[in-house]
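Asks: Got a file for you: run_4.txt, compact mmCIF, C-alpha atoms.
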# COMPACT_ATOMS: atom_id res chain seq x y z
CA MET A 151 -20.97 -31.61 0.23
CA THR A 152 -17.73 -29.89 -0.83
CA MET A 153 -18.65 -30.62 -4.45
CA ASP A 154 -21.90 -28.69 -3.94
CA ALA A 155 -20.01 -25.81 -2.35
CA THR A 156 -17.56 -25.73 -5.26
CA LEU A 157 -20.39 -25.71 -7.79
CA ALA A 158 -22.22 -22.99 -5.87
CA GLY A 159 -19.07 -20.86 -5.86
CA HIS A 160 -18.51 -21.21 -9.60
CA LEU A 161 -22.19 -20.59 -10.38
CA GLN A 162 -22.04 -17.40 -8.33
CA GLU A 163 -18.94 -16.29 -10.26
CA LEU A 164 -20.69 -16.98 -13.55
CA ARG A 165 -23.90 -15.18 -12.61
CA ARG A 166 -22.27 -12.16 -11.04
CA GLY A 167 -22.43 -9.82 -14.02
CA THR A 168 -25.73 -11.03 -15.45
CA VAL A 169 -27.90 -9.01 -13.03
CA VAL A 170 -26.46 -5.79 -14.48
CA VAL A 171 -27.32 -6.76 -18.08
CA ALA A 172 -30.77 -7.94 -17.06
CA SER A 173 -31.52 -4.80 -15.01
CA LEU A 174 -30.35 -2.40 -17.72
CA THR A 175 -32.41 -4.32 -20.27
CA VAL A 176 -35.60 -4.50 -18.18
CA LEU A 177 -35.41 -0.85 -17.08
CA ARG A 178 -35.74 0.47 -20.62
CA GLU A 179 -39.32 0.60 -19.29
CA PRO A 180 -39.26 2.58 -16.01
CA GLY A 181 -39.53 0.45 -12.90
CA TYR A 182 -38.97 0.58 -9.13
CA GLY A 183 -36.91 -1.66 -6.89
CA TYR A 184 -39.48 -4.25 -5.88
CA SER A 185 -41.05 -4.46 -9.36
CA LEU A 186 -37.64 -5.15 -10.88
CA LEU A 187 -36.96 -7.81 -8.24
CA GLU A 188 -40.23 -9.53 -9.20
CA THR A 189 -39.55 -9.27 -12.94
CA LEU A 190 -36.04 -10.65 -12.63
CA GLY A 191 -37.20 -13.45 -10.31
CA ALA A 192 -39.97 -14.45 -12.75
CA ALA A 193 -37.47 -14.38 -15.63
CA GLY A 194 -35.24 -16.86 -13.81
CA PHE A 195 -32.53 -14.60 -12.37
CA GLU A 196 -31.65 -15.56 -8.82
CA VAL A 197 -31.07 -12.13 -7.36
CA GLU A 198 -31.49 -11.05 -3.76
CA ALA A 199 -33.01 -7.76 -2.68
CA ASN A 200 -29.95 -6.79 -0.63
CA THR A 201 -27.79 -7.10 -3.76
CA LEU A 202 -30.20 -5.48 -6.19
CA TYR A 203 -31.10 -2.32 -4.26
CA PRO A 204 -27.52 -1.10 -3.73
CA LEU A 205 -26.71 -2.13 -7.33
CA LEU A 206 -29.44 0.15 -8.72
CA ARG A 207 -27.96 3.13 -6.89
CA ARG A 208 -24.47 2.23 -8.10
CA LEU A 209 -25.65 2.06 -11.73
CA GLU A 210 -27.29 5.44 -11.19
CA THR A 211 -24.02 7.03 -9.99
CA GLN A 212 -22.32 5.53 -13.04
CA GLY A 213 -24.86 7.34 -15.23
CA LEU A 214 -26.36 4.12 -16.65
CA LEU A 215 -29.71 4.70 -14.92
CA THR A 216 -31.68 7.82 -14.04
CA SER A 217 -34.25 7.99 -11.28
CA GLU A 218 -37.35 9.95 -10.50
CA TRP A 219 -39.64 9.92 -7.48
CA ASN A 220 -43.25 9.17 -8.36
CA THR A 221 -45.50 10.63 -5.68
CA ASP A 222 -48.78 10.25 -7.59
CA GLU A 223 -49.73 7.12 -5.71
CA ALA A 224 -50.27 6.67 -1.98
CA ARG A 225 -46.84 5.06 -1.66
CA PRO A 226 -44.07 7.21 -3.19
CA ARG A 227 -41.68 5.06 -5.24
CA LYS A 228 -38.34 5.72 -6.85
CA PHE A 229 -38.54 4.83 -10.55
CA TYR A 230 -35.38 3.97 -12.44
CA ARG A 231 -34.95 4.16 -16.22
CA THR A 232 -32.01 3.12 -18.41
CA THR A 233 -30.14 6.05 -20.00
CA ALA A 234 -28.86 6.07 -23.59
CA GLN A 235 -25.41 5.30 -22.22
CA GLY A 236 -26.81 2.45 -20.11
CA ASP A 237 -28.60 1.07 -23.16
CA ALA A 238 -25.38 1.13 -25.20
CA ILE A 239 -23.50 -0.68 -22.45
CA ALA A 240 -26.28 -3.24 -22.07
CA ALA A 241 -26.17 -3.88 -25.83
CA ALA A 242 -22.38 -4.41 -25.66
CA LEU A 243 -22.77 -6.76 -22.67
CA ARG A 244 -25.50 -8.77 -24.44
CA GLY A 245 -23.26 -9.04 -27.49
CA GLU A 246 -20.44 -10.36 -25.31
CA TRP A 247 -22.81 -12.80 -23.62
CA GLY A 248 -23.90 -14.15 -27.01
CA ARG A 249 -20.31 -14.47 -28.17
CA LEU A 250 -19.30 -16.38 -25.02
CA ASP A 251 -22.35 -18.65 -25.28
CA LYS A 252 -21.42 -19.50 -28.87
CA ALA A 253 -17.76 -20.00 -27.99
CA VAL A 254 -18.56 -22.32 -25.07
CA ASN A 255 -20.91 -24.40 -27.21
CA GLU A 256 -18.29 -24.68 -29.93
CA LEU A 257 -15.74 -25.88 -27.42
CA ASP A 258 -18.24 -28.43 -26.16
CA ALA A 259 -19.52 -29.69 -29.54
CA PRO A 260 -16.46 -30.51 -31.75
CA ALA A 261 -15.14 -33.14 -29.31
CA GLY A 262 -17.98 -35.43 -30.40
CA ASP A 263 -17.46 -34.56 -34.09
CA ASP A 264 -13.76 -35.39 -33.96
CA THR A 265 -14.23 -38.85 -32.47
CA GLY A 266 -16.93 -39.49 -35.07
CA GLU A 267 -14.63 -38.65 -37.99
CA THR A 268 -11.42 -40.34 -36.87
CA MET B 60 -42.73 1.58 20.79
CA THR B 61 -40.55 1.34 17.70
CA SER B 62 -41.75 -1.06 15.01
CA ILE B 63 -39.46 -3.79 13.72
CA ILE B 64 -39.29 -2.06 10.32
CA ASP B 65 -38.14 1.18 12.01
CA ARG B 66 -35.44 -0.72 13.86
CA TYR B 67 -34.24 -2.37 10.66
CA VAL B 68 -34.22 0.83 8.58
CA TRP B 69 -32.46 2.84 11.27
CA THR B 70 -29.81 0.17 11.68
CA VAL B 71 -29.09 0.46 7.95
CA LEU B 72 -29.09 4.27 8.07
CA ARG B 73 -26.53 4.39 10.88
CA ARG B 74 -23.89 3.16 8.45
CA VAL B 75 -24.65 5.09 5.26
CA PRO B 76 -23.38 8.59 4.39
CA GLU B 77 -25.54 11.35 5.85
CA GLN B 78 -26.40 13.06 2.56
CA GLN B 79 -27.92 9.81 1.19
CA ARG B 80 -29.95 8.90 4.26
CA THR B 81 -33.27 10.57 3.35
CA ASP B 82 -33.34 9.06 -0.11
CA ILE B 83 -32.26 5.59 0.99
CA GLU B 84 -34.78 5.58 3.84
CA ARG B 85 -37.73 6.48 1.57
CA GLU B 86 -36.73 3.93 -1.04
CA LEU B 87 -35.98 1.16 1.44
CA ARG B 88 -39.26 1.66 3.31
CA ALA B 89 -41.22 1.59 0.03
CA SER B 90 -39.41 -1.59 -1.05
CA ILE B 91 -40.10 -3.29 2.28
CA GLU B 92 -43.80 -2.30 2.20
CA ASP B 93 -44.07 -3.57 -1.40
CA ALA B 94 -42.60 -6.91 -0.42
CA VAL B 95 -44.83 -7.17 2.66
CA ASP B 96 -47.93 -6.31 0.61
CA ALA B 97 -47.01 -8.99 -1.90
CA ARG B 98 -46.79 -11.55 0.91
CA VAL B 99 -50.08 -10.38 2.50
CA ASP B 100 -51.77 -10.60 -0.91
CA GLY B 101 -50.44 -14.14 -1.09
CA GLY B 102 -52.40 -14.96 2.09
CA GLU B 103 -49.89 -14.41 4.90
CA ASP B 104 -50.61 -12.42 8.05
CA ARG B 105 -48.96 -9.01 8.21
CA GLU B 106 -46.67 -9.66 11.17
CA PRO B 107 -44.98 -12.85 9.88
CA ALA B 108 -44.89 -11.24 6.42
CA VAL B 109 -42.83 -8.33 7.82
CA GLU B 110 -40.52 -10.71 9.65
CA ARG B 111 -39.91 -12.91 6.60
CA THR B 112 -39.29 -9.85 4.41
CA LEU B 113 -36.70 -8.42 6.77
CA LEU B 114 -35.04 -11.82 7.21
CA GLU B 115 -34.76 -12.08 3.44
CA LEU B 116 -33.16 -8.65 3.24
CA GLY B 117 -30.57 -9.99 5.67
CA ASP B 118 -27.95 -8.35 7.85
CA PRO B 119 -28.59 -4.59 7.81
CA ASP B 120 -24.87 -3.87 8.19
CA ARG B 121 -24.13 -5.69 4.96
CA LEU B 122 -26.94 -3.87 3.20
CA ALA B 123 -25.47 -0.58 4.46
CA ASP B 124 -22.02 -1.59 3.17
CA GLY B 125 -23.62 -2.18 -0.21
CA TYR B 126 -25.27 1.24 -0.22
CA ALA B 127 -22.13 3.01 0.98
CA GLU B 128 -19.93 1.04 -1.46
CA ARG B 129 -17.64 0.40 1.46
CA ARG B 130 -14.67 -1.91 1.11
CA SER B 131 -14.84 -4.79 3.55
CA TYR B 132 -11.07 -5.28 3.49
CA LEU B 133 -8.05 -3.32 4.67
CA ILE B 134 -5.61 -4.04 1.84
CA GLY B 135 -6.88 -5.43 -1.44
CA PRO B 136 -5.30 -7.98 -3.76
CA GLU B 137 -3.53 -5.27 -5.78
CA PHE B 138 -1.40 -4.02 -2.90
CA TYR B 139 -1.24 -7.15 -0.74
CA PRO B 140 1.94 -8.58 -2.39
CA VAL B 141 3.74 -5.23 -2.17
CA TRP B 142 2.65 -4.78 1.45
CA ARG B 143 3.77 -8.29 2.37
CA ARG B 144 7.15 -8.01 0.67
CA LEU B 145 7.89 -4.60 2.19
CA LEU B 146 6.88 -5.78 5.66
CA ILE B 147 9.05 -8.92 5.46
CA THR B 148 12.01 -6.85 4.23
CA LEU B 149 11.64 -4.29 7.01
CA VAL B 150 11.15 -6.88 9.75
CA ALA B 151 14.16 -8.83 8.51
CA THR B 152 16.51 -5.84 8.18
CA VAL B 153 15.46 -2.81 10.20
CA LEU B 154 14.26 -4.71 13.25
CA PRO B 155 17.52 -6.64 13.94
CA ILE B 156 19.61 -3.52 13.34
CA VAL B 157 17.55 -1.46 15.79
CA VAL B 158 17.65 -4.25 18.39
CA ILE B 159 21.43 -4.66 18.04
CA VAL B 160 22.00 -0.91 18.31
CA ALA B 161 19.76 -0.73 21.38
CA VAL B 162 21.58 -3.66 23.03
CA VAL B 163 25.04 -2.20 22.29
CA LEU B 164 24.00 1.13 23.79
CA ARG B 165 22.65 -0.60 26.91
CA VAL B 166 25.82 -2.67 27.32
CA LEU B 167 28.01 0.39 26.90
CA GLY B 168 25.82 2.17 29.43
CA GLY B 169 26.71 -0.56 31.94
CA ALA B 170 23.40 -2.46 32.02
CA THR B 171 23.06 -5.83 33.77
CA PHE B 172 22.28 -9.05 31.90
CA GLY B 173 18.62 -8.89 32.90
CA GLU B 174 18.30 -5.33 31.70
CA VAL B 175 19.83 -6.28 28.35
CA VAL B 176 17.35 -9.15 27.90
CA GLY B 177 14.55 -6.74 28.78
CA THR B 178 15.87 -4.33 26.16
CA VAL B 179 15.91 -7.07 23.51
CA PHE B 180 12.27 -8.03 24.02
CA GLY B 181 11.09 -4.50 24.70
CA THR B 182 12.67 -3.17 21.51
CA LEU B 183 11.52 -6.20 19.52
CA PHE B 184 7.88 -5.69 20.47
CA THR B 185 7.77 -1.88 20.43
CA VAL B 186 9.65 -1.38 17.18
CA GLY B 187 7.97 -4.41 15.58
CA ALA B 188 4.50 -3.15 16.46
CA HIS B 189 5.31 0.33 15.16
CA LEU B 190 6.75 -1.09 11.96
CA VAL B 191 3.74 -3.28 11.20
CA PHE B 192 1.21 -0.66 12.23
CA TRP B 193 2.56 2.26 10.23
CA VAL B 194 3.26 0.23 7.09
CA THR B 195 -0.24 -1.27 7.21
CA LEU B 196 -1.85 2.11 7.86
CA THR B 197 0.01 3.66 4.94
CA PHE B 198 -1.13 0.89 2.61
CA ALA B 199 -4.73 1.09 3.85
CA ILE B 200 -4.71 4.84 3.05
CA ILE B 201 -3.14 4.25 -0.37
CA GLU B 202 -5.79 1.58 -1.03
CA ARG B 203 -8.56 4.09 -0.27
CA ALA B 204 -6.93 6.98 -2.09
CA GLY B 205 -7.49 5.20 -5.40
CA VAL B 206 -3.83 5.08 -6.39
CA GLY B 207 -2.87 2.41 -8.90
CA ARG B 208 0.02 0.05 -8.34
CA GLY B 209 1.84 1.34 -11.41
CA GLU B 210 1.70 4.89 -10.02
CA LEU B 211 3.02 3.63 -6.70
CA ARG B 212 6.01 2.05 -8.40
CA GLY B 213 6.51 5.36 -10.14
CA ARG B 214 7.37 3.74 -13.45
CA ARG B 215 6.14 1.56 -16.27
CA ALA B 216 4.39 -1.77 -15.83
CA TRP B 217 6.33 -4.91 -15.00
CA GLY B 218 8.59 -6.07 -17.84
CA LEU B 219 10.93 -8.96 -18.62
CA GLU B 220 13.94 -6.82 -17.71
CA ASP B 221 12.67 -6.77 -14.11
CA LEU B 222 13.51 -10.47 -13.74
CA PRO B 223 16.59 -11.05 -11.54
CA ARG B 224 19.60 -12.61 -13.29
CA TYR B 225 20.40 -15.27 -10.62
CA GLU B 226 23.88 -15.78 -12.06
CA PRO B 227 26.58 -16.52 -9.45
CA GLY B 228 28.98 -13.95 -10.86
CA VAL B 229 26.49 -11.13 -10.70
CA MET B 230 25.63 -8.94 -7.74
CA THR B 231 21.95 -8.16 -7.32
CA PRO B 232 20.87 -4.57 -6.59
CA GLY B 233 19.86 -5.77 -3.11
CA GLN B 234 23.36 -7.12 -2.44
CA LEU B 235 24.82 -3.83 -3.69
CA ALA B 236 22.58 -1.90 -1.31
CA ALA B 237 23.61 -4.12 1.62
CA ALA B 238 27.30 -3.89 0.73
CA ALA B 239 27.13 -0.10 0.51
CA LEU B 240 24.92 0.39 3.56
CA TRP B 241 27.21 -1.41 6.01
CA PRO B 242 30.24 0.97 5.63
CA VAL B 243 27.90 3.98 5.72
CA LEU B 244 26.40 2.77 9.02
CA LEU B 245 29.88 2.21 10.46
CA ILE B 246 30.97 5.74 9.46
CA ALA B 247 27.80 7.16 11.02
CA ALA B 248 28.43 5.21 14.24
CA LEU B 249 32.08 6.29 14.32
CA VAL B 250 31.19 9.97 13.99
CA LEU B 251 28.13 9.90 16.26
CA GLN B 252 29.85 8.13 19.18
CA GLN B 253 32.00 11.24 19.54
CA PHE B 254 28.98 13.42 20.32
CA THR B 255 26.02 11.28 21.41
CA PHE B 256 25.22 7.85 22.92
CA THR B 257 27.32 8.37 26.06
CA GLU B 258 28.51 11.31 28.14
CA VAL B 259 32.15 10.88 27.12
CA PRO B 260 33.09 9.49 23.65
CA VAL B 261 33.28 5.67 23.54
CA LEU B 262 36.33 5.57 21.29
CA ASN B 263 39.67 7.27 21.92
CA PRO B 264 39.28 10.92 20.71
CA GLY B 265 43.08 11.13 20.32
CA ASN B 266 42.78 8.96 17.19
CA TRP B 267 40.94 11.72 15.34
CA THR B 268 44.39 13.08 14.42
CA PHE B 269 44.93 10.10 12.11
CA TRP B 270 43.36 6.67 12.67
CA TRP B 271 39.61 7.51 12.70
CA PRO B 272 39.82 9.63 9.50
CA TYR B 273 41.93 6.86 7.98
CA LEU B 274 39.23 4.23 8.79
CA ILE B 275 36.56 6.52 7.31
CA VAL B 276 38.57 6.74 4.09
CA VAL B 277 38.89 2.94 3.97
CA LEU B 278 35.13 2.55 4.56
CA VAL B 279 34.41 5.00 1.73
CA LEU B 280 36.68 2.86 -0.45
CA GLU B 281 34.56 -0.17 0.58
CA VAL B 282 31.48 1.58 -0.82
CA GLY B 283 33.39 2.33 -4.01
CA TYR B 284 34.47 -1.33 -4.16
CA ALA B 285 30.83 -2.49 -3.92
CA ALA B 286 29.79 -0.13 -6.73
CA TRP B 287 32.76 -1.22 -8.84
CA LEU B 288 31.97 -4.92 -8.30
CA PHE B 289 28.31 -4.34 -9.20
CA ARG B 290 29.21 -2.59 -12.45
CA ARG B 291 31.92 -5.13 -13.25
CA GLY B 292 29.25 -7.85 -13.11
CA GLY B 293 31.56 -10.75 -12.30
CA TRP B 294 34.02 -12.20 -9.82
CA GLY B 295 37.69 -12.68 -10.61
CA HIS B 296 41.20 -12.65 -9.18
CA THR B 297 41.32 -8.83 -9.29
CA VAL B 298 38.18 -8.73 -7.14
CA THR B 299 39.63 -11.22 -4.65
CA ILE B 300 42.82 -9.20 -4.30
CA VAL B 301 41.11 -5.80 -4.02
CA ASN B 302 38.70 -7.17 -1.43
CA ALA B 303 41.51 -8.78 0.59
CA VAL B 304 43.58 -5.58 0.52
CA LEU B 305 40.63 -3.53 1.73
CA ALA B 306 39.88 -6.03 4.49
CA VAL B 307 43.47 -5.91 5.73
CA LEU B 308 43.63 -2.12 5.44
CA PHE B 309 40.58 -1.92 7.71
CA SER B 310 41.04 -4.70 10.23
CA GLY B 311 44.85 -4.41 10.57
CA PRO B 312 44.87 -0.98 12.25
CA VAL B 313 41.74 -1.88 14.28
CA VAL B 314 43.45 -4.96 15.72
CA TRP B 315 46.66 -3.04 16.39
CA LEU B 316 44.75 -0.21 18.15
CA ALA B 317 42.74 -2.68 20.24
CA ALA B 318 45.85 -4.67 21.20
CA SER B 319 47.79 -1.58 22.22
CA GLY B 320 44.86 -0.25 24.25
CA GLY B 321 44.41 2.83 22.09
CA PHE B 322 41.02 1.91 20.66
CA PHE B 323 38.66 2.90 23.47
CA ASN B 324 38.51 6.17 25.33
CA PRO B 325 40.16 5.61 28.76
CA GLU B 326 37.72 8.11 30.30
CA PHE B 327 34.80 6.04 29.00
CA VAL B 328 36.30 2.73 30.16
CA ALA B 329 36.76 4.27 33.62
CA THR B 330 32.99 4.86 33.85
CA LEU B 331 32.29 1.12 33.43
CA ASP B 332 31.98 -1.09 36.49
CA TRP B 333 31.74 -4.76 35.53
CA GLY B 334 32.70 -6.19 38.92
CA THR B 335 35.66 -8.52 38.73
CA VAL B 336 35.91 -8.30 34.93
CA ASP B 337 38.39 -5.78 33.54
CA PRO B 338 36.39 -3.77 30.93
CA ALA B 339 39.44 -2.53 29.01
CA ARG B 340 40.75 -6.04 28.37
CA TRP B 341 37.34 -7.50 27.47
CA LEU B 342 36.41 -4.68 25.14
CA GLY B 343 39.83 -4.82 23.46
CA ASN B 344 39.67 -8.60 22.98
CA SER B 345 36.11 -8.45 21.61
CA VAL B 346 37.08 -5.83 19.05
CA MET B 347 40.12 -7.89 18.01
CA ILE B 348 38.06 -11.07 17.60
CA PHE B 349 35.35 -9.27 15.62
CA ALA B 350 37.90 -7.58 13.37
CA VAL B 351 39.87 -10.76 12.64
CA VAL B 352 36.82 -13.03 12.16
CA GLY B 353 35.12 -10.41 9.99
CA ALA B 354 38.17 -9.97 7.78
CA VAL B 355 38.80 -13.71 7.39
CA TRP B 356 35.13 -14.36 6.63
CA ASP B 357 35.04 -11.56 4.06
CA ILE B 358 38.24 -12.67 2.28
CA ALA B 359 37.21 -16.34 2.29
CA ASP B 360 33.67 -15.59 1.09
CA VAL B 361 34.85 -13.64 -1.95
CA ALA B 362 37.62 -16.17 -2.68
CA VAL B 363 35.14 -19.08 -2.60
CA ARG B 364 32.63 -17.26 -4.82
CA THR B 365 35.37 -16.43 -7.31
CA GLU B 366 36.66 -19.98 -7.36
CA ARG B 367 33.15 -21.43 -7.85
CA ALA B 368 32.43 -19.00 -10.67
CA ARG B 369 35.81 -19.80 -12.28
CA ARG B 370 35.22 -23.55 -12.11
CA GLY B 371 31.65 -23.19 -13.29
CA LEU B 372 30.30 -24.96 -10.20
CA PRO B 373 26.54 -24.79 -9.66
CA THR B 374 25.33 -22.05 -7.33
CA MET B 375 22.13 -22.12 -5.31
CA VAL B 376 19.47 -19.72 -6.53
CA PRO B 377 18.29 -18.20 -3.24
CA GLY B 378 14.83 -19.21 -2.06
CA THR B 379 14.12 -21.75 -4.82
CA GLY B 380 16.06 -24.91 -4.00
CA ARG B 381 17.35 -24.79 -7.60
CA GLU B 382 20.93 -24.55 -8.80
CA PHE B 383 22.45 -22.46 -11.53
CA THR B 384 25.58 -23.48 -13.41
CA SER B 385 27.31 -20.60 -15.11
CA PRO B 386 28.50 -21.37 -18.61
CA LEU B 387 32.29 -21.61 -18.96
CA SER B 388 33.65 -18.58 -20.72
Could you rewrite the structure in this file as structure tokens?

Replies:
Amino acid sequence: MTMDATLAGHLQELRRGTVVVASLTVLREPGYGYSLLETLGAAGFEVEANTLYPLLRRLETQGLLTSEWNTDEARPRKFYRTTAQGDAIAAALRGEWGRLDKAVNELDAPAGDDTGET
Amino acid sequence: MTSIIDRYVWTVLRRVPEQQRTDIERELRASIEDAVDARVDGGEDREPAVERTLLELGDPDRLADGYAERRSYLIGPEFYPVWRRLLITLVATVLPIVVIVAVVLRVLGGATFGEVVGTVFGTLFTVGAHLVFWVTLTFAIIERAGVGRGELRGRRAWGLEDLPRYEPGVMTPGQLAAAALWPVLLIAALVLQQFTFTEVPVLNPGNWTFWWPYLIVVLVLEVGYAAWLFRRGGWGHTVTIVNAVLAVLFSGPVVWLAASGGFFNPEFVATLDWGTVDPARWLGNSVMIFAVVGAVWDIADVAVRTERARRGLPTMVPGTGREFTSPLS
């Protein structure tokens, strides 16, 4: 029970920043709140609507996203798109993610190698 | 009748900044309708679909906090240690001083025992509440003003030179402050009692021709002694002697004045009515006891510290349960 709670807490810590990378990457193609929620959910990101919607506005104030109201359809929707700055930041974050993934795997792997050699 | 979606959206809007409301409302309503449509397309009825969607969105107050980027704490982790340390320091120093001053004033004003007890608790709670409230409010404002901790400290980041020395021979800046503050407070009390606190001066005004100015000079010397000791950075026989001389120079005349009945203002003593107790004798005796005990304590304290430092005996490092042994020099 407490073990589960501990794991859940650490998983949440680990996942915290990933929604930003994923959103900035997905929104290189314009999208609106609910569509992004669906895309992220299908891609395996566990993100809740009440986290994502405020996050989109925060990224917009930071200049990483721009938005535009599309009133062509019956239901007006706010479309977000990643800016050049947002794209650069997303690229840097993906690079960091790759580096960490490699580093963690390297920490995990050599333990077996060492015991094999000695 | 208001729909459940209206009620949800309005509850969110109540807690977001006014200039963002129109935009947030349009976007939130569109998002909710999208989610409901998706559920209806998946075969659910509209009414339960709306309910499930709103339940998934969760507490509207939390959603509003997210939109408004509101902090859900008063003092964050950056300022919490500073806030805590400052509060403990103030409660441990200012509060007792204020309570003691209040009690002394009440006693001099001829209050009964019950009134004095009332003063103790009254002052404790009033001053304590003010202290905690204003310090906390100040920190909450600083937290929201976006000031960094480094800026608050008004200097560079923490460095190794900020570590206390913990050596028995060395006075900390805090001890210096305490040693210098005490004489200053006494001088202030000595001067102020002439004009305020009571209708007639508490202490004999006749002594202003010599003894009160003399005591002020000795107290100023005490401040100089503290500064000298701090800069000297170590105990020694010179320190013991200087300290003892100063203690005698101060307490000697005080005891003599109290014993000869020239310490308190006779006019003030005449205003006191303590029943069967003679105020003049009690006040005189109390002053004598305080002066003698204070002087003996002071002389012994410095002598013991000096001797321990000289012998290289271990000294407790305050608040750690560890001991420090100074190297023999």

Asks: Hey, list the chain A side of the contact with chain B: 12 Å cut-off, all atoms listed in the file, answer as a VMD selection string.

Replies: chain A and resid 182 to 188 197 to 211 217 to 221 223 to 230

Asks: Just how far from atom CA of Phe323 of chain B is atom CA of Leu342 of chain B, in Å to one decimal?

Replies: 8.1 Å

Asks: Skipping near chain neighbours, those fewer than 4 positions away, what residues fall within 8 Å of Ile64 of chain B using all atoms listed in the file, listed as a list in words?

Replies: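 Listed by chain and then number, they are Val68, Arg88, Val109 and Leu113 of chain B.
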
Asks: By how many Å are atom CA of Asp120 of chain B and atom CA of Arg74 of chain B apart?

Replies: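 Computing the Euclidean distance for atom CA of Asp120 of chain B and atom CA of Arg74 of chain B yields 7.1 Å.
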
Asks: Would you compute the distance between atom CA of Ala158 of chain A and atom CA of Glu196 of chain A? Give it in Å to one decimal.

Replies: 12.4 Å

Asks: Find the residues near segment 173-176 of chain A: any atom within 7 Å, counting all atoms listed in the file, skip ones fewer than 5 places away on the same chain, and give them as a list in words.

Replies: Thr232, Gly236, Asp237 and Ala240 of chain A

Asks: List as a PyMOL selection string the protein and nucleic acid residues near Arg231 of chain A, meaning an atom at most 8 Å away when only C-alpha atoms are counted, but skip any in the same chain fewer than 6 places from it.

Replies: chain A and resi 177-181+215-217

Asks: Write out as a list in words the residues lying within 8 Å of segment 167-172 of chain B, counting all atoms listed in the file and excluding same-chain residues fewer than 4 positions away.

Replies: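 Listed by chain and then number, they are Val163, Val176, Thr257, Leu331, Asp332 and Trp333 of chain B.
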
Asks: My list of candidates is B:Val191, B:Val95, B:Ala161, B:Leu274. Which is closest to Trp142 of chain B when distances are computed with only C-alpha atoms?

Replies: B:Val191

Asks: Have a look at B:Pro373, B:Pro312, B:Leu190, B:Glu220 and name the one nearest to Val150 of chain B; count all atoms listed in the file.

Replies: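 Residue with the minimum atom-to-atom distance to Val150 of chain B: B:Leu190.
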
Asks: Please identify all polymer residues within 12 Å of Leu164 of chain A, counting all atoms listed in the file, omitting same-chain residues fewer than 6 positions from it, and present them as a PyMOL selection string.

Replies: chain A and resi 157-158+247+250-251

Asks: With only C-alpha atoms as the basis for distance, which of A:Glu163, A:Asp222, A:Gly213, A:Leu257 is at the shortest distance from Ala234 of chain A?

Replies: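 So, comparing all the options, the nearest one is A:Gly213.
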
Asks: Put the listed atoms of segment 338-353 of chain B in a box along x, y and z with 3 Å added on every side and give me the centre and edge lengths in Å to one decimal, as JSON.

Replies:
{"center_x": 37.9, "center_y": -7.8, "center_z": 20.5, "size_x": 11.6, "size_y": 16.5, "size_z": 26.9}

Asks: Hey, which of B:Ser345, B:Gln234, B:Asn324, B:Ser62 ends up closest to Gly265 of chain B? Count all atoms listed in the file.

Replies: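 Under the stated criterion, the closest residue is B:Asn324.
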